[in-house]
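Here is the structure we will look at.
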Amino acid sequence: MTTHAVVLQNVRAVYGSGPRQVTALDGVSVGFQQGTFTAVMGPSGSGKSTLLHCAAGLDRPAEGSVTIDGTAVGNLGEDALTRLRRDRVGFVFQAFNLVSALTAQQNVELPLRLAGRRPEPADTVAALHAVGLADRARHRPSELSGGEQQRVALARALISRPAVVFADEPTGALDSTTSRHVLTLLRELVGKHRQTVVMVTHDPVAAAYADWVLFLADGRIVDDLTGVTAESIAARTALLESAC
Ligand code: ADP
């Protein structure tokens, strides 16, 4: 049995071709242990989003392998990969839009319905309540603020209990109180439910909620820290950025 929710081995990711080719990930090997919370940090352009997209099976790397919840992604056809993402992976992405025609409640229930499971109304209510949106269940995304939409995405990740949740700047659009709330919820996914969370953030305070902080620079992992404070993360970030 694997103890890693996601493993990347020698992953190289490139954009474009010929002289304009950009290497976004340059031979990254990393394993995200089940039941842990990892923050991925690094300067803009260091490859954080690409890492998240490859690790989540949204992009296929040029070289190397990605294993999600014990399944090697490289061997899967598009349909099987879509099913794996739907059933085993949760996304809390700003750009990962909710379905505009559906209410908050319907958006939360969508992954279960797509997987052919019938959502328990009490579970949906509990998930919306957990993110502080119990009174917004019937609102559509256009009637919600950016932060509220982000929390609907989080409720969606709560209800379907995916093995691994990827979050891209989940607190970027939120005020500090709501940010703390969202980070505490992500922490609880790990602490209470043994889910695995991988979060890209530029915020040392957010990263301090994680068990493990990875630092990327120029498409490589250049450092990692465990059990750290926001201050020590900020100091490490400042050092990395001054080296760029
Ligand atoms: P980060 O999330 O750390 O800002 P990215 O993963 O978005 O970094 O980008 C890594 C590198 O790949 C950067 O040099 C960026 O300019 C480049 N890149 C990202 N997306 C594309 C794209 N769609 N086309 C071309 N280059 C890209």
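Scheme for the structure tokens: letters A, B, ... for chains in order shown; per-chain residue numbers from 1; ligand numbers from 1 in order shown.
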Next item on the list: Residues within 8 Å of ligand 1 should be enumerated using only C-alpha atoms and all ligand atoms and returned as a ChimeraX atom specification.
Entry: /A:14-16,21-25,41-51,216-219
Listing only residues of stretch 29-94 of chain A within 12 Å of stretch 100-110 of chain A, what is the closest atom pair and its distance in Å (to one decimal) for each, using only C-alpha atoms, sorted by chain and residue number ascending, as a tab-separated table?
residue	atom	partner	partner_atom	distance
A:Arg86	CA	A:Leu110	CA	9.9
A:Asp87	CA	A:Leu110	CA	11.3
A:Gly90	CA	A:Val108	CA	11.3
A:Phe91	CA	A:Val108	CA	11.8
A:Val92	CA	A:Val108	CA	11.9
Item checked: Selection near A:Gly172, 10 Å with only C-alpha atoms, sequence-local residues under 4 positions removed, as an MDAnalysis selection string -> chainID A and resid 94 146:147 150 168 176 179 201:203 206
Write to file, as a PDB file, in the first residue's frame, the residues of the selection just made, with N, CA and C atoms.
ATOM      1  N   GLN A  94      -9.020  29.416  -8.058  1.00  0.00           N
ATOM      2  CA  GLN A  94      -9.780  30.627  -8.380  1.00  0.00           C
ATOM      3  C   GLN A  94     -10.323  30.571  -9.796  1.00  0.00           C
ATOM      4  N   GLY A 146     -16.244  36.892  -4.862  1.00  0.00           N
ATOM      5  CA  GLY A 146     -15.144  35.989  -5.216  1.00  0.00           C
ATOM      6  C   GLY A 146     -14.804  35.048  -4.061  1.00  0.00           C
ATOM      7  N   GLY A 147     -14.772  35.615  -2.865  1.00  0.00           N
ATOM      8  CA  GLY A 147     -14.447  34.805  -1.689  1.00  0.00           C
ATOM      9  C   GLY A 147     -15.503  33.746  -1.422  1.00  0.00           C
ATOM     10  N   GLN A 150     -15.092  30.972  -3.832  1.00  0.00           N
ATOM     11  CA  GLN A 150     -13.966  30.143  -3.415  1.00  0.00           C
ATOM     12  C   GLN A 150     -14.418  29.146  -2.338  1.00  0.00           C
ATOM     13  N   ASP A 168      -5.132  26.407  -5.237  1.00  0.00           N
ATOM     14  CA  ASP A 168      -4.241  27.398  -5.847  1.00  0.00           C
ATOM     15  C   ASP A 168      -4.597  28.767  -5.280  1.00  0.00           C
ATOM     16  N   SER A 176      -8.834  38.653   5.945  1.00  0.00           N
ATOM     17  CA  SER A 176      -8.014  37.808   6.827  1.00  0.00           C
ATOM     18  C   SER A 176      -8.855  36.868   7.690  1.00  0.00           C
ATOM     19  N   SER A 179      -9.936  34.086   5.399  1.00  0.00           N
ATOM     20  CA  SER A 179      -8.739  33.289   5.085  1.00  0.00           C
ATOM     21  C   SER A 179      -8.450  32.285   6.192  1.00  0.00           C
ATOM     22  N   THR A 201       0.713  28.933  -2.514  1.00  0.00           N
ATOM     23  CA  THR A 201       0.421  30.219  -1.905  1.00  0.00           C
ATOM     24  C   THR A 201       1.665  31.095  -1.949  1.00  0.00           C
ATOM     25  N   HIS A 202       1.457  32.410  -1.914  1.00  0.00           N
ATOM     26  CA  HIS A 202       2.612  33.298  -1.761  1.00  0.00           C
ATOM     27  C   HIS A 202       2.607  33.886  -0.352  1.00  0.00           C
ATOM     28  N   ASP A 203       1.636  33.465   0.460  1.00  0.00           N
ATOM     29  CA  ASP A 203       1.427  34.086   1.759  1.00  0.00           C
ATOM     30  C   ASP A 203       2.053  33.231   2.881  1.00  0.00           C
ATOM     31  N   ALA A 206      -0.405  31.849   5.409  1.00  0.00           N
ATOM     32  CA  ALA A 206      -1.162  30.682   4.915  1.00  0.00           C
ATOM     33  C   ALA A 206      -0.268  29.447   4.933  1.00  0.00           C
TER      34      ALA A 206
END
Next item on the list: Pick out the closest residue to A:Arg236 from this set: A:Pro170, A:Pro162, A:Gly116, A:Pro204. Count only C-alpha atoms.
Entry: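 Ranked by minimum distance to A:Arg236, first place goes to A:Pro204.
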Margin query: Please extract the residues of stretch 56-154 of chain A with a backbone DSSP assignment of helix (DSSP H, G or I) and present them as an NGL selection string.
Written below: :A and (73-75 or 78-88 or 104-114 or 121-130 or 134-136 or 141-143 or 146-154)
Margin query: Report as a ChimeraX atom specification all protein, DNA and RNA residues lying within 12 Å of A:Thr38, evaluated on only C-alpha atoms, omitting residues in the same chain fewer than 4 positions from it.
Written below: /A:5-6,30-34,52,164-168,183,186-187,190,195-201,206-215,224-228
Residues from last step as file, N, CA, C and O atoms, as a compact mmCIF listing (two decimals), in the first residue's frame:
# COMPACT_ATOMS: atom_id res chain seq x y z
N ALA A 5 -0.06 10.09 -1.42
CA ALA A 5 -1.27 10.38 -2.20
C ALA A 5 -0.89 10.73 -3.64
O ALA A 5 -1.61 10.37 -4.57
N VAL A 6 0.21 11.43 -3.79
CA VAL A 6 0.67 11.85 -5.12
C VAL A 6 2.20 11.75 -5.17
O VAL A 6 2.86 12.16 -4.21
N VAL A 30 8.99 14.53 -6.22
CA VAL A 30 8.45 14.84 -4.89
C VAL A 30 7.27 13.91 -4.60
O VAL A 30 6.55 13.51 -5.52
N GLY A 31 7.11 13.54 -3.35
CA GLY A 31 5.97 12.73 -2.94
C GLY A 31 5.18 13.46 -1.86
O GLY A 31 5.78 14.03 -0.94
N PHE A 32 3.87 13.48 -2.02
CA PHE A 32 3.01 14.11 -1.00
C PHE A 32 2.37 12.99 -0.19
O PHE A 32 1.54 12.22 -0.71
N GLN A 33 2.79 12.90 1.07
CA GLN A 33 2.32 11.82 1.95
C GLN A 33 0.82 11.93 2.20
O GLN A 33 0.30 13.04 2.35
N GLN A 34 0.18 10.78 2.30
CA GLN A 34 -1.25 10.78 2.66
C GLN A 34 -1.44 11.45 4.01
O GLN A 34 -0.64 11.26 4.92
N LEU A 52 1.33 22.18 -9.75
CA LEU A 52 -0.01 21.81 -9.26
C LEU A 52 -0.82 21.14 -10.38
O LEU A 52 -1.47 20.12 -10.15
N VAL A 164 -7.13 13.63 -2.47
CA VAL A 164 -6.21 14.77 -2.46
C VAL A 164 -6.90 16.02 -2.96
O VAL A 164 -7.68 15.98 -3.91
N VAL A 165 -6.65 17.11 -2.26
CA VAL A 165 -7.24 18.40 -2.61
C VAL A 165 -6.12 19.34 -3.02
O VAL A 165 -5.15 19.51 -2.28
N PHE A 166 -6.24 19.93 -4.23
CA PHE A 166 -5.28 20.91 -4.69
C PHE A 166 -5.91 22.29 -4.59
O PHE A 166 -7.04 22.49 -5.05
N ALA A 167 -5.17 23.19 -3.98
CA ALA A 167 -5.68 24.54 -3.80
C ALA A 167 -4.67 25.53 -4.35
O ALA A 167 -3.48 25.46 -4.01
N ASP A 168 -5.13 26.41 -5.24
CA ASP A 168 -4.24 27.40 -5.85
C ASP A 168 -4.60 28.77 -5.28
O ASP A 168 -5.65 29.30 -5.59
N LEU A 183 -8.38 28.25 5.77
CA LEU A 183 -7.15 27.49 6.08
C LEU A 183 -7.41 26.48 7.20
O LEU A 183 -6.90 25.36 7.17
N LEU A 186 -9.12 23.59 5.57
CA LEU A 186 -8.17 22.74 4.85
C LEU A 186 -7.38 21.88 5.83
O LEU A 186 -7.15 20.69 5.61
N ARG A 187 -6.98 22.48 6.94
CA ARG A 187 -6.23 21.77 7.99
C ARG A 187 -7.09 20.61 8.51
O ARG A 187 -6.61 19.52 8.79
N VAL A 190 -7.25 17.40 6.58
CA VAL A 190 -6.08 16.56 6.84
C VAL A 190 -6.19 15.92 8.23
O VAL A 190 -6.05 14.70 8.39
N GLN A 195 -7.34 13.34 4.57
CA GLN A 195 -7.17 13.73 3.17
C GLN A 195 -5.81 14.43 3.05
O GLN A 195 -5.19 14.79 4.05
N THR A 196 -5.38 14.60 1.81
CA THR A 196 -4.08 15.21 1.54
C THR A 196 -4.33 16.55 0.87
O THR A 196 -5.15 16.62 -0.05
N VAL A 197 -3.66 17.59 1.33
CA VAL A 197 -3.86 18.91 0.74
C VAL A 197 -2.52 19.42 0.20
O VAL A 197 -1.50 19.35 0.89
N VAL A 198 -2.54 19.91 -1.04
CA VAL A 198 -1.38 20.57 -1.64
C VAL A 198 -1.84 21.96 -2.08
O VAL A 198 -2.75 22.08 -2.88
N MET A 199 -1.22 22.97 -1.50
CA MET A 199 -1.69 24.34 -1.70
C MET A 199 -0.57 25.23 -2.20
O MET A 199 0.49 25.31 -1.57
N VAL A 200 -0.81 25.91 -3.32
CA VAL A 200 0.13 26.95 -3.76
C VAL A 200 -0.26 28.25 -3.08
O VAL A 200 -1.45 28.61 -3.05
N THR A 201 0.71 28.93 -2.51
CA THR A 201 0.42 30.22 -1.91
C THR A 201 1.66 31.09 -1.95
O THR A 201 2.78 30.60 -2.01
N ALA A 206 -0.40 31.85 5.41
CA ALA A 206 -1.16 30.68 4.92
C ALA A 206 -0.27 29.45 4.93
O ALA A 206 -0.69 28.36 5.36
N ALA A 207 0.98 29.60 4.48
CA ALA A 207 1.89 28.45 4.40
C ALA A 207 2.18 27.86 5.79
O ALA A 207 2.44 26.67 5.92
N ALA A 208 2.09 28.70 6.82
CA ALA A 208 2.39 28.23 8.18
C ALA A 208 1.33 27.24 8.68
O ALA A 208 1.56 26.55 9.67
N TYR A 209 0.20 27.15 7.99
CA TYR A 209 -0.82 26.14 8.35
C TYR A 209 -0.40 24.75 7.88
O TYR A 209 -0.97 23.76 8.28
N ALA A 210 0.58 24.69 6.98
CA ALA A 210 0.97 23.42 6.37
C ALA A 210 1.97 22.68 7.26
O ALA A 210 2.63 23.26 8.12
N ASP A 211 2.07 21.36 7.01
CA ASP A 211 3.07 20.55 7.71
C ASP A 211 4.44 20.71 7.06
O ASP A 211 5.47 20.52 7.68
N TRP A 212 4.39 20.98 5.77
CA TRP A 212 5.61 20.94 4.97
C TRP A 212 5.53 22.08 3.96
O TRP A 212 4.48 22.28 3.34
N VAL A 213 6.60 22.83 3.80
CA VAL A 213 6.62 23.93 2.84
C VAL A 213 7.73 23.66 1.83
O VAL A 213 8.89 23.47 2.20
N LEU A 214 7.34 23.60 0.55
CA LEU A 214 8.30 23.40 -0.54
C LEU A 214 8.58 24.75 -1.19
O LEU A 214 7.65 25.53 -1.38
N PHE A 215 9.83 24.99 -1.55
CA PHE A 215 10.18 26.22 -2.25
C PHE A 215 10.68 25.87 -3.65
O PHE A 215 11.58 25.06 -3.79
N ASP A 224 13.06 22.90 1.40
CA ASP A 224 11.80 22.56 2.04
C ASP A 224 11.96 22.72 3.54
O ASP A 224 13.06 22.59 4.07
N LEU A 225 10.85 23.04 4.19
CA LEU A 225 10.87 23.28 5.63
C LEU A 225 9.70 22.54 6.26
O LEU A 225 8.65 22.39 5.64
N THR A 226 9.88 22.09 7.50
CA THR A 226 8.77 21.49 8.23
C THR A 226 8.58 22.23 9.56
O THR A 226 9.55 22.76 10.11
N GLY A 227 7.34 22.22 10.02
CA GLY A 227 7.04 22.75 11.35
C GLY A 227 7.54 24.16 11.58
O GLY A 227 8.27 24.41 12.54
N VAL A 228 7.18 25.06 10.66
CA VAL A 228 7.76 26.40 10.73
C VAL A 228 6.70 27.46 11.00
O VAL A 228 5.51 27.23 10.87
Check: Of the residues A:Val205, A:Asp69, A:Glu78, A:Thr178, which is the one nearest to A:Ala230, using only C-alpha atoms?
Finding: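 Answer, going by the shortest atom-to-atom distance: A:Val205.
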Checklist line | Contacts of A:Ala137 within 12 Å, only C-alpha atoms, excl. fewer than 3 positions in-chain, as a list in words | finding: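 Here the qualifying residues turn out to be Leu102, Thr103, Ala104, Gln105, Gln106, Asn107, Val108, Glu109, Pro121, Thr124, Val125, Ala126, Ala127, Leu128, His129, Val131, Gly132, Leu133, Ala134, Arg140, Pro141, Glu143, Leu144, Glu148, Gln149, Arg151, Val152 and Ala155 of chain A.
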Next item on the list: Just the strand (DSSP E or B) stuff from stretch 16-51 of chain A, please, per backbone DSSP, written as a list in words.
Entry: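 Filtering stretch 16-51 of chain A down to strand (DSSP E or B) leaves Val22, Thr23, Ala24, Leu25, Asp26, Gly27, Val28, Ser29, Val30, Gly31, Phe32, Gln33, Phe37, Thr38, Ala39, Val40 and Met41 of chain A.
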Notebook entry, point to check: Interatomic distance between atom CA of A:Glu231 and atom CA of A:Glu188?
Noted result: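 It comes out at 22.9 Å.
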